[in-house]
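Peer 1: Here you go, this is target-v1.cif (mmCIF, C-alpha atoms and all ligand atoms).
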```cif
data_model
loop_
_atom_site.label_atom_id
_atom_site.label_comp_id
_atom_site.auth_asym_id
_atom_site.auth_seq_id
_atom_site.Cartn_x
_atom_site.Cartn_y
_atom_site.Cartn_z
CA MET A 1 98.98 97.52 104.89
CA ARG A 2 101.80 98.08 102.49
CA LYS A 3 104.26 99.46 104.97
CA ASN A 4 107.67 97.99 105.15
CA ARG A 5 108.56 99.69 108.36
CA LEU A 6 109.32 96.65 110.38
CA TYR A 7 111.43 93.59 109.94
CA PHE A 8 111.50 90.44 112.01
CA THR A 9 114.57 88.24 111.97
CA GLY A 10 115.57 87.70 108.37
CA LEU A 11 112.10 88.43 107.03
CA LEU A 12 110.34 91.52 105.99
CA ILE A 13 107.08 91.85 107.86
CA LEU A 14 106.70 94.51 108.18
CA THR A 15 97.46 124.03 86.89
CA LEU A 16 95.42 123.27 89.40
CA SER A 17 98.32 124.42 91.47
CA SER A 18 96.05 127.16 92.50
CA CYS A 19 97.39 127.77 95.91
CA THR A 20 100.69 129.48 95.72
CA SER A 21 101.80 133.02 95.81
CA THR A 22 105.36 133.72 94.75
CA PRO A 23 107.71 131.49 96.74
CA LYS A 24 109.33 133.35 99.58
CA GLN A 25 112.66 133.20 101.24
CA GLN A 26 111.66 132.30 104.75
CA ASN A 27 114.67 133.92 106.35
CA THR A 28 113.05 137.31 106.01
CA GLU A 29 110.08 136.18 108.04
CA VAL A 30 111.24 134.06 110.92
CA THR A 31 111.62 135.39 114.40
CA SER A 32 114.97 135.55 116.12
CA ASN A 33 113.85 132.76 118.44
CA ALA A 34 113.06 130.38 115.61
CA GLU A 35 114.63 126.95 115.96
CA ARG A 36 117.13 126.20 113.22
CA ILE A 37 116.09 122.90 111.66
CA ILE A 38 117.45 120.60 108.96
CA LEU A 39 115.22 117.74 107.81
CA GLU A 40 116.67 114.39 106.70
CA THR A 41 113.97 112.33 104.95
CA ASP A 42 113.34 109.28 102.77
CA ILE A 43 110.32 111.04 101.33
CA GLY A 44 108.49 108.88 98.81
CA ASN A 45 108.68 105.68 100.85
CA ASP A 46 106.07 106.11 103.58
CA VAL A 47 103.54 108.90 103.52
CA ASP A 48 104.34 109.99 107.08
CA ASP A 49 107.34 111.90 105.70
CA ALA A 50 104.96 114.08 103.67
CA LEU A 51 102.81 114.71 106.73
CA ALA A 52 105.89 115.56 108.78
CA LEU A 53 107.11 117.97 106.11
CA ASP A 54 103.70 119.65 106.13
CA MET A 55 104.15 120.20 109.88
CA LEU A 56 107.47 121.92 109.31
CA TYR A 57 105.98 124.41 106.82
CA LYS A 58 103.29 125.18 109.41
CA TYR A 59 105.98 125.76 112.02
CA ILE A 60 107.67 128.16 109.58
CA ASP A 61 104.34 129.90 109.05
CA ALA A 62 104.06 130.36 112.82
CA GLY A 63 107.61 131.70 113.13
CA ASN A 64 108.64 128.72 115.25
CA ILE A 65 111.40 127.42 112.99
CA ASP A 66 113.83 128.37 110.27
CA LEU A 67 113.99 125.33 107.97
CA LEU A 68 117.54 125.50 106.67
CA GLY A 69 117.51 122.51 104.36
CA ILE A 70 115.65 119.40 103.26
CA MET A 71 118.02 116.47 102.74
CA ILE A 72 116.71 113.43 100.89
CA ASN A 73 118.01 109.89 101.40
CA LYS A 74 115.70 108.19 98.90
CA GLU A 75 117.36 108.14 95.53
CA GLY A 76 115.92 109.32 92.24
CA GLN A 77 114.28 112.27 90.56
CA TYR A 78 110.86 112.11 92.13
CA PRO A 79 111.64 112.59 95.82
CA ALA A 80 113.44 115.85 95.01
CA GLU A 81 110.79 116.91 92.51
CA TYR A 82 108.07 116.25 95.10
CA VAL A 83 109.94 118.37 97.65
CA ASP A 84 110.16 121.12 95.02
CA ILE A 85 106.38 120.85 94.59
CA MET A 86 105.92 121.05 98.36
CA ASN A 87 108.26 124.05 98.68
CA THR A 88 106.39 125.82 95.90
CA TRP A 89 102.92 124.98 97.15
CA TYR A 90 103.64 126.17 100.69
CA GLY A 91 105.43 129.27 99.40
CA TYR A 92 108.98 128.66 100.62
CA GLN A 93 112.25 127.93 98.89
CA ILE A 94 114.16 125.56 101.13
CA PRO A 95 117.49 124.23 99.78
CA ILE A 96 117.35 120.57 98.80
CA GLY A 97 120.15 118.03 99.16
CA ILE A 98 120.03 114.65 97.44
CA ILE A 99 121.72 111.26 97.60
CA HIS A 100 123.55 109.14 95.06
CA ASN A 101 124.29 105.46 95.65
CA GLY A 102 121.94 105.32 98.61
CA PRO A 103 120.10 102.30 100.04
CA ASP A 104 117.89 100.50 97.54
CA CYS A 105 114.34 101.29 98.59
CA GLU A 106 112.57 101.94 95.31
CA ASN A 107 110.30 98.91 95.60
CA ASP A 108 109.67 99.09 99.34
CA ALA A 109 106.40 100.97 98.91
CA THR A 110 104.27 102.79 96.38
CA ASN A 111 106.28 105.86 95.39
CA TYR A 112 103.69 108.53 96.12
CA ALA A 113 106.26 111.21 95.28
CA LYS A 114 106.32 109.91 91.72
CA ALA A 115 102.53 109.62 91.64
CA VAL A 116 102.06 113.25 92.68
CA CYS A 117 104.73 114.47 90.26
CA LEU A 118 102.92 112.73 87.38
CA LEU A 119 99.46 114.08 88.27
CA LYS A 120 97.85 116.16 85.53
CA ASN A 121 95.03 118.68 85.63
CA GLU A 122 92.01 118.77 83.32
CA ASN A 123 94.14 120.47 80.66
CA ASN A 124 96.68 117.65 80.81
CA GLU A 125 99.21 119.98 82.41
CA PRO A 126 101.17 119.19 85.58
CA ALA A 127 98.77 119.46 88.50
CA PHE A 128 101.31 121.19 90.74
CA LYS A 129 103.78 123.97 90.05
CA ARG A 130 107.51 123.57 90.46
CA SER A 131 110.06 126.29 91.18
CA LEU A 132 113.16 124.50 89.90
CA LYS A 133 113.76 123.92 86.22
CA GLY A 134 114.28 120.20 86.42
CA GLY A 135 117.74 118.75 86.76
CA TYR A 136 116.87 117.26 90.11
CA ASP A 137 119.82 114.87 89.87
CA GLN A 138 122.09 117.92 89.66
CA LEU A 139 121.12 119.25 93.08
CA PRO A 140 123.93 119.19 95.66
CA GLU A 141 124.57 115.99 97.52
CA ALA A 142 123.41 116.19 101.11
CA PRO A 143 126.79 116.00 102.90
CA ALA A 144 128.11 118.97 100.92
CA LEU A 145 124.94 120.97 101.55
CA TYR A 146 125.08 120.13 105.26
CA ARG A 147 128.63 121.47 105.40
CA LYS A 148 127.64 124.70 103.67
CA ILE A 149 124.59 125.27 105.86
CA LEU A 150 126.14 124.23 109.18
CA SER A 151 129.24 126.36 108.65
CA GLN A 152 126.98 129.44 108.46
CA GLN A 153 125.08 128.82 111.71
CA PRO A 154 125.82 129.92 115.28
CA ASP A 155 127.46 127.31 117.46
CA SER A 156 125.17 124.72 119.09
CA SER A 157 122.13 126.09 117.32
CA VAL A 158 120.95 123.48 114.83
CA THR A 159 118.53 120.59 115.27
CA VAL A 160 118.62 117.78 112.70
CA ILE A 161 115.40 115.81 112.30
CA SER A 162 116.17 112.44 110.72
CA ILE A 163 113.08 110.55 109.56
CA GLY A 164 114.73 108.22 107.08
CA PHE A 165 117.96 106.30 106.79
CA SER A 166 121.24 107.35 108.42
CA THR A 167 123.27 107.25 105.20
CA ASN A 168 123.67 110.98 104.62
CA LEU A 169 124.41 111.63 108.28
CA ALA A 170 127.13 108.96 108.38
CA ARG A 171 128.63 110.36 105.18
CA LEU A 172 128.56 113.86 106.68
CA LEU A 173 130.54 112.67 109.71
CA ASP A 174 133.17 111.25 107.37
CA THR A 175 133.64 114.41 105.28
CA PRO A 176 137.10 115.98 105.45
CA ALA A 177 137.97 119.63 105.88
CA ASP A 178 137.48 121.55 102.64
CA ASP A 179 137.05 125.03 101.16
CA ILE A 180 133.73 125.40 103.00
CA SER A 181 135.07 124.70 106.48
CA PRO A 182 138.42 123.78 108.04
CA LEU A 183 136.50 121.35 110.25
CA THR A 184 135.84 117.71 109.49
CA GLY A 185 132.22 116.68 109.31
CA LYS A 186 132.27 115.30 112.82
CA GLU A 187 133.91 118.48 114.15
CA LEU A 188 131.39 120.63 112.31
CA VAL A 189 128.46 118.68 113.75
CA ALA A 190 130.00 118.88 117.24
CA LYS A 191 130.30 122.65 116.89
CA LYS A 192 126.98 123.52 115.27
CA VAL A 193 124.39 120.83 116.08
CA LYS A 194 122.68 120.77 119.46
CA LEU A 195 120.24 117.91 118.85
CA LEU A 196 119.66 115.03 116.46
CA CYS A 197 116.11 113.75 116.72
CA THR A 198 115.51 110.57 114.77
CA MET A 199 112.59 108.34 113.99
CA GLY A 200 114.21 104.97 114.36
CA GLY A 201 114.62 101.84 116.39
CA CYS A 202 112.42 99.76 118.62
CA PHE A 203 112.89 99.30 122.34
CA ASN A 204 110.02 97.08 123.43
CA SER A 205 110.97 93.98 121.43
CA PRO A 206 114.49 92.69 120.74
CA ASP A 207 113.28 90.85 117.60
CA PHE A 208 111.96 93.92 115.79
CA PHE A 209 114.26 95.47 113.23
CA GLU A 210 112.93 98.87 112.38
CA TYR A 211 112.97 99.99 108.75
CA ASN A 212 115.01 103.19 109.04
CA ILE A 213 117.74 101.29 110.88
CA VAL A 214 117.81 98.10 108.88
CA LYS A 215 118.02 99.77 105.45
CA ASP A 216 121.53 100.98 106.30
CA ILE A 217 122.77 99.25 109.42
CA PRO A 218 126.41 100.39 109.17
CA ALA A 219 125.30 104.02 108.88
CA ALA A 220 122.89 103.66 111.81
CA LYS A 221 125.61 102.06 113.91
CA LYS A 222 127.94 104.93 113.12
CA VAL A 223 125.41 107.66 113.84
CA PHE A 224 124.13 106.23 117.13
CA THR A 225 127.71 105.62 118.27
CA GLU A 226 129.62 108.59 116.94
CA TRP A 227 127.19 111.49 116.39
CA PRO A 228 128.57 114.20 118.70
CA SER A 229 125.36 115.85 119.88
CA GLN A 230 122.52 114.61 122.03
CA VAL A 231 120.37 112.07 120.17
CA VAL A 232 116.68 111.53 120.92
CA THR A 233 114.84 108.88 118.96
CA SER A 234 111.15 108.28 118.54
CA PRO A 235 110.95 104.51 118.07
CA PHE A 236 108.55 102.33 116.12
CA GLU A 237 106.25 101.75 119.08
CA VAL A 238 105.50 105.46 119.49
CA GLY A 239 104.38 106.29 115.97
CA ILE A 240 102.31 103.15 115.56
CA ALA A 241 100.36 104.07 118.72
CA ILE A 242 99.22 107.35 117.12
CA ASN A 243 97.30 106.95 113.88
CA TYR A 244 96.49 109.95 111.70
CA PRO A 245 92.75 109.50 111.00
CA VAL A 246 91.60 109.14 107.41
CA ALA A 247 88.49 111.08 108.38
CA SER A 248 90.71 114.15 108.59
CA ILE A 249 92.17 113.49 105.14
CA GLU A 250 88.67 113.13 103.72
CA ASN A 251 87.01 116.05 105.52
CA ASP A 252 89.50 118.67 106.68
CA PHE A 253 91.03 119.82 103.40
CA GLN A 254 88.01 121.11 101.51
CA TRP A 255 89.66 124.52 101.39
CA ALA A 256 92.22 123.19 98.89
CA PRO A 257 91.11 122.27 95.35
CA ILE A 258 94.12 119.96 95.25
CA HIS A 259 96.66 119.34 97.99
CA PRO A 260 100.07 117.67 97.53
CA VAL A 261 99.90 115.81 100.85
CA VAL A 262 96.31 114.66 100.38
CA GLU A 263 97.15 113.44 96.88
CA ALA A 264 100.21 111.65 98.26
CA TYR A 265 98.10 110.04 100.97
CA LYS A 266 95.50 108.83 98.47
CA SER A 267 98.10 107.34 96.16
CA TYR A 268 100.21 105.68 98.85
CA ASN A 269 97.67 103.13 99.98
CA GLU A 270 94.13 102.04 99.22
CA MET A 271 91.69 104.43 100.82
CA PRO A 272 90.33 104.62 103.40
CA TYR A 273 93.12 103.98 105.88
CA ASP A 274 94.54 105.57 109.00
CA THR A 275 98.30 105.88 109.04
CA PRO A 276 100.89 105.69 111.83
CA THR A 277 102.61 108.96 112.64
CA TRP A 278 106.20 107.77 113.11
CA ASP A 279 107.96 110.68 111.44
CA LEU A 280 105.52 113.28 112.77
CA THR A 281 106.45 112.42 116.34
CA SER A 282 110.11 113.16 115.68
CA ALA A 283 109.21 116.53 114.15
CA LEU A 284 106.95 117.30 117.11
CA TYR A 285 109.64 116.57 119.68
CA SER A 286 112.25 118.54 117.74
CA VAL A 287 110.20 121.71 117.58
CA GLU A 288 107.91 121.63 120.59
CA GLY A 289 110.08 119.72 123.05
CA PRO A 290 109.46 116.88 125.46
CA SER A 291 106.15 117.92 127.02
CA TYR A 292 104.05 115.59 124.83
CA PHE A 293 106.17 112.53 125.62
CA ASN A 294 107.87 110.46 128.27
CA VAL A 295 111.63 110.56 127.81
CA SER A 296 113.94 107.74 128.86
CA PRO A 297 116.84 108.27 131.23
CA ALA A 298 120.18 109.17 129.69
CA GLY A 299 121.96 106.24 128.16
CA LYS A 300 123.63 104.67 125.18
CA ILE A 301 122.01 103.10 122.12
CA ASN A 302 123.65 100.18 120.37
CA VAL A 303 122.65 99.03 116.90
CA THR A 304 123.19 95.29 116.49
CA ASP A 305 124.53 93.63 113.37
CA LYS A 306 120.97 92.61 112.49
CA GLY A 307 119.57 96.09 113.00
CA ALA A 308 118.00 95.85 116.45
CA THR A 309 118.41 98.77 118.83
CA GLU A 310 119.48 98.25 122.45
CA PHE A 311 119.30 100.92 125.12
CA THR A 312 121.56 100.88 128.19
CA PRO A 313 120.96 103.48 130.92
CA ASP A 314 124.14 105.44 131.56
CA THR A 315 124.37 108.77 133.34
CA THR A 316 127.32 109.67 131.12
CA GLY A 317 125.34 108.95 127.93
CA ASN A 318 123.43 111.42 125.81
CA ARG A 319 121.07 109.11 123.94
CA TYR A 320 117.36 109.03 124.81
CA TYR A 321 114.19 107.46 123.44
CA LEU A 322 110.56 108.47 123.67
CA THR A 323 107.48 106.62 124.86
CA VAL A 324 103.81 107.57 125.07
CA ASP A 325 100.81 106.29 127.01
CA SER A 326 97.31 106.14 125.55
CA VAL A 327 96.34 109.57 126.89
CA GLN A 328 99.44 111.19 125.45
CA ALA A 329 98.85 109.39 122.14
CA GLU A 330 95.35 110.84 121.85
CA THR A 331 96.56 114.34 122.72
CA ILE A 332 99.31 114.13 120.11
CA LYS A 333 96.90 112.83 117.46
CA GLN A 334 94.57 115.77 118.00
CA HIS A 335 97.52 118.15 117.80
CA PHE A 336 98.66 116.63 114.51
CA VAL A 337 95.20 116.93 112.96
CA LYS A 338 94.86 120.55 114.02
CA LEU A 339 98.30 121.49 112.71
CA ILE A 340 98.22 119.61 109.42
CA SER A 341 94.67 120.49 108.40
CA GLN A 342 95.15 124.22 108.81
CA GLN A 343 95.63 126.39 105.75
CA PRO A 344 99.19 127.47 104.98
CA VAL A 345 99.85 131.19 105.37
CA HIS A 346 100.66 131.59 101.69
CA PHE A 347 97.69 129.64 100.42
CA ASN A 348 95.98 131.53 97.64
CA LYS A 349 93.06 130.09 95.70
CA LYS A 350 93.68 132.29 92.69
CA CA B 401 110.47 108.34 106.70
#
```
Would you give me this structure, written as structure tokens?
Peer 2:
Amino acid sequence: MRKNRLYFTGLLILTLSSCTSTPKQQNTEVTSNAERIILETDIGNDVDDALALDMLYKYIDAGNIDLLGIMINKEGQYPAEYVDIMNTWYGYQIPIGIIHNGPDCENDATNYAKAVCLLKNENNEPAFKRSLKGGYDQLPEAPALYRKILSQQPDSSVTVISIGFSTNLARLLDTPADDISPLTGKELVAKKVKLLCTMGGCFNSPDFFEYNIVKDIPAAKKVFTEWPSQVVTSPFEVGIAINYPVASIENDFQWAPIHPVVEAYKSYNEMPYDTPTWDLTSALYSVEGPSYFNVSPAGKINVTDKGATEFTPDTTGNRYYLTVDSVQAETIKQHFVKLISQQPVHFNKK
């Protein structure tokens, strides 16, 4: 397995684009009860980000969420270009924020985002349509886009799903008041965000240093300590207990001549392989709530200098982590397969 999701002490162990109608502005379609979501992702590193993003488009399709923005914390052209492909393929135009001078992760895994972007059809044309006209490095940086989006939302209404590094979130907290908002980043988050749900950490072994934490330890320390809202994290041990089955990838997508998540999956690792659902579990909790999981008592989460995560129960704390038993894991797996293998609302074979 190529995943670099887990570190032990000091050592890494761990167009065919035939589907889309004209991209739509989702805001015209969501219900008033839709959860307001911003995704923070290192898409292009591990393929679970692509699966999690698929889930969010399906939740938009169902009217469950309003996806306000997709913030990327993996640097480079291809993560943003892949998100543009995903937006286009699923028929939505979600604003994209990018990162400059982020953690170095280019060689941590096969960059499936790049692989999908470079795919060609039988006419040697790009296999998937884009909506943007290139210039992916000119997209707004995530902290600025967060400020713009958050300032326009009702108070205590936004959920941030963070399934990558904490870099953008830490930078957001440090932003000063500006023309967009008289509030600092931390004040803006305190006013507008009701929940941060992360995929990160590990609570069943003190010697495990989980990838999302260890790639930017200072940022993770800052976010787990200073982020004003409630924080719920789905740790390493949850996602690795729930494997998305390769049988679904091979059999459940026959309705799509070519699919940007299936192509990502096939390029990420040597087929056939099942894949842990780390990032999917965070998306699930954020949108559908705690019923699929066991939730820890209230407490505090400390990130150590080496990148371990320590939980201390504290009735005055507002940090929580998730666990699952084997029955819950199976139920969640079946739910993921059903959700991800369904056709998008805007899928069009023509
Ligand atoms: Ca991720």
Peer 1: Need the axis-aligned box for range 255-258 of chain A with 8 Å each side, so what are the centre and edges in Å to one decimal, as AutoDock Vina command-line options?
Peer 2:
```
--center_x 91.9 --center_y 122.2 --center_z 98.3 --size_x 20.5 --size_y 20.6 --size_z 22.1
```
Peer 1: As a list in words, please: every protein or nucleic acid residue near ligand CA 401 (chain B) (cut-off 8 Å, counting all atoms listed in the file).
Peer 2: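 Listed by chain and ascending number, the contacts are Thr41, Asp42, Ile43, Asn45, Asp46, Val47, Asp48, Asp49, Ile163, Gly164, Phe165, Met199, Asn212, Trp278 and Asp279 of chain A.
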Peer 1: Between A:Leu118, A:Val327, A:Ile217, A:Val160, which one has atoms that come closest to Ser267 in chain A, using all atoms listed in the file?
Peer 2: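 With all atoms listed in the file as the atom set, the closest residue is A:Leu118.
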Peer 1: Any idea what the distance is between CA of Phe128 in chain A and CA of Asp61 in chain A?
Peer 2: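 Atom-to-atom, CA of Phe128 in chain A and CA of Asp61 in chain A are spaced 20.5 Å apart.
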Peer 1: How many Å lie between CA of Pro154 in chain A and CA of Leu67 in chain A, rounded to one decimal?
Peer 2: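 According to the coordinates, CA of Pro154 in chain A and CA of Leu67 in chain A are separated by 14.6 Å.
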Peer 1: If you measure from CA of Ala329 in chain A to CA of Val262 in chain A, what distance in Å do you get, rounded to one decimal?
Peer 2: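 Value for the CA of Ala329 in chain A-CA of Val262 in chain A distance: 22.5 Å.
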Peer 1: Taking (133.0, 115.1, 106.2) in the file's coordinates as the center, which residues reach within 8 Å of it, counting all atoms listed in the file, put as a tab-separated table (two decimals) with C-alpha atoms, in the frame of the given file?
Peer 2:
```tsv
chain	number	residue	atom	x	y	z
A	143	PRO	CA	126.79	116.00	102.90
A	147	ARG	CA	128.63	121.47	105.40
A	171	ARG	CA	128.63	110.36	105.18
A	172	LEU	CA	128.56	113.86	106.68
A	173	LEU	CA	130.54	112.67	109.71
A	174	ASP	CA	133.17	111.25	107.37
A	175	THR	CA	133.64	114.41	105.28
A	176	PRO	CA	137.10	115.98	105.45
A	177	ALA	CA	137.97	119.63	105.88
A	184	THR	CA	135.84	117.71	109.49
A	185	GLY	CA	132.22	116.68	109.31
A	186	LYS	CA	132.27	115.30	112.82
```
Peer 1: For each of A:Gly76, A:Pro228, A:Gly97, A:Pro313, take the minimum atom-to-atom distance to Leu195 in chain A, counting all atoms listed in the file, then give the residue where this is smallest.
Peer 2: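 Of the candidates, the smallest distance to Leu195 in chain A is held by A:Pro228.
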Peer 1: Measuring atom to atom with only C-alpha atoms, identify which of A:Thr88, A:Thr304, A:Asn73, A:Asn121 is nearest to Ala142 in chain A.
Peer 2: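 Comparing A:Thr88, A:Thr304, A:Asn73, A:Asn121 against Ala142 in chain A, the winner is A:Asn73.
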Peer 1: Kindly provide the residues of range 47-66 of chain A that approach range 339-347 of chain A to within 8 Å, each paired with its closest atom pair and their distance in Å to one decimal, based on only C-alpha atoms, listed by chain and increasing number, as JSON lines.
Peer 2:
```
{"residue": "A:Leu51", "atom": "CA", "partner": "A:Ile340", "partner_atom": "CA", "distance": 7.2}
{"residue": "A:Asp54", "atom": "CA", "partner": "A:Ile340", "partner_atom": "CA", "distance": 6.4}
{"residue": "A:Met55", "atom": "CA", "partner": "A:Ile340", "partner_atom": "CA", "distance": 6.0}
{"residue": "A:Tyr57", "atom": "CA", "partner": "A:Pro344", "partner_atom": "CA", "distance": 7.7}
{"residue": "A:Lys58", "atom": "CA", "partner": "A:Pro344", "partner_atom": "CA", "distance": 6.5}
{"residue": "A:Asp61", "atom": "CA", "partner": "A:Val345", "partner_atom": "CA", "distance": 5.9}
```
Peer 1: Quick one: write out the picked residues with C-alpha atoms as a PDB file, keeping the file's coordinate frame?
Peer 2:
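Just written: selection.pdb:
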```
ATOM      1  CA  LEU A  51     102.810 114.710 106.730  1.00  0.00           C
ATOM      2  CA  ASP A  54     103.700 119.650 106.130  1.00  0.00           C
ATOM      3  CA  MET A  55     104.150 120.200 109.880  1.00  0.00           C
ATOM      4  CA  TYR A  57     105.980 124.410 106.820  1.00  0.00           C
ATOM      5  CA  LYS A  58     103.290 125.180 109.410  1.00  0.00           C
ATOM      6  CA  ASP A  61     104.340 129.900 109.050  1.00  0.00           C
TER       7      ASP A  61
END
```
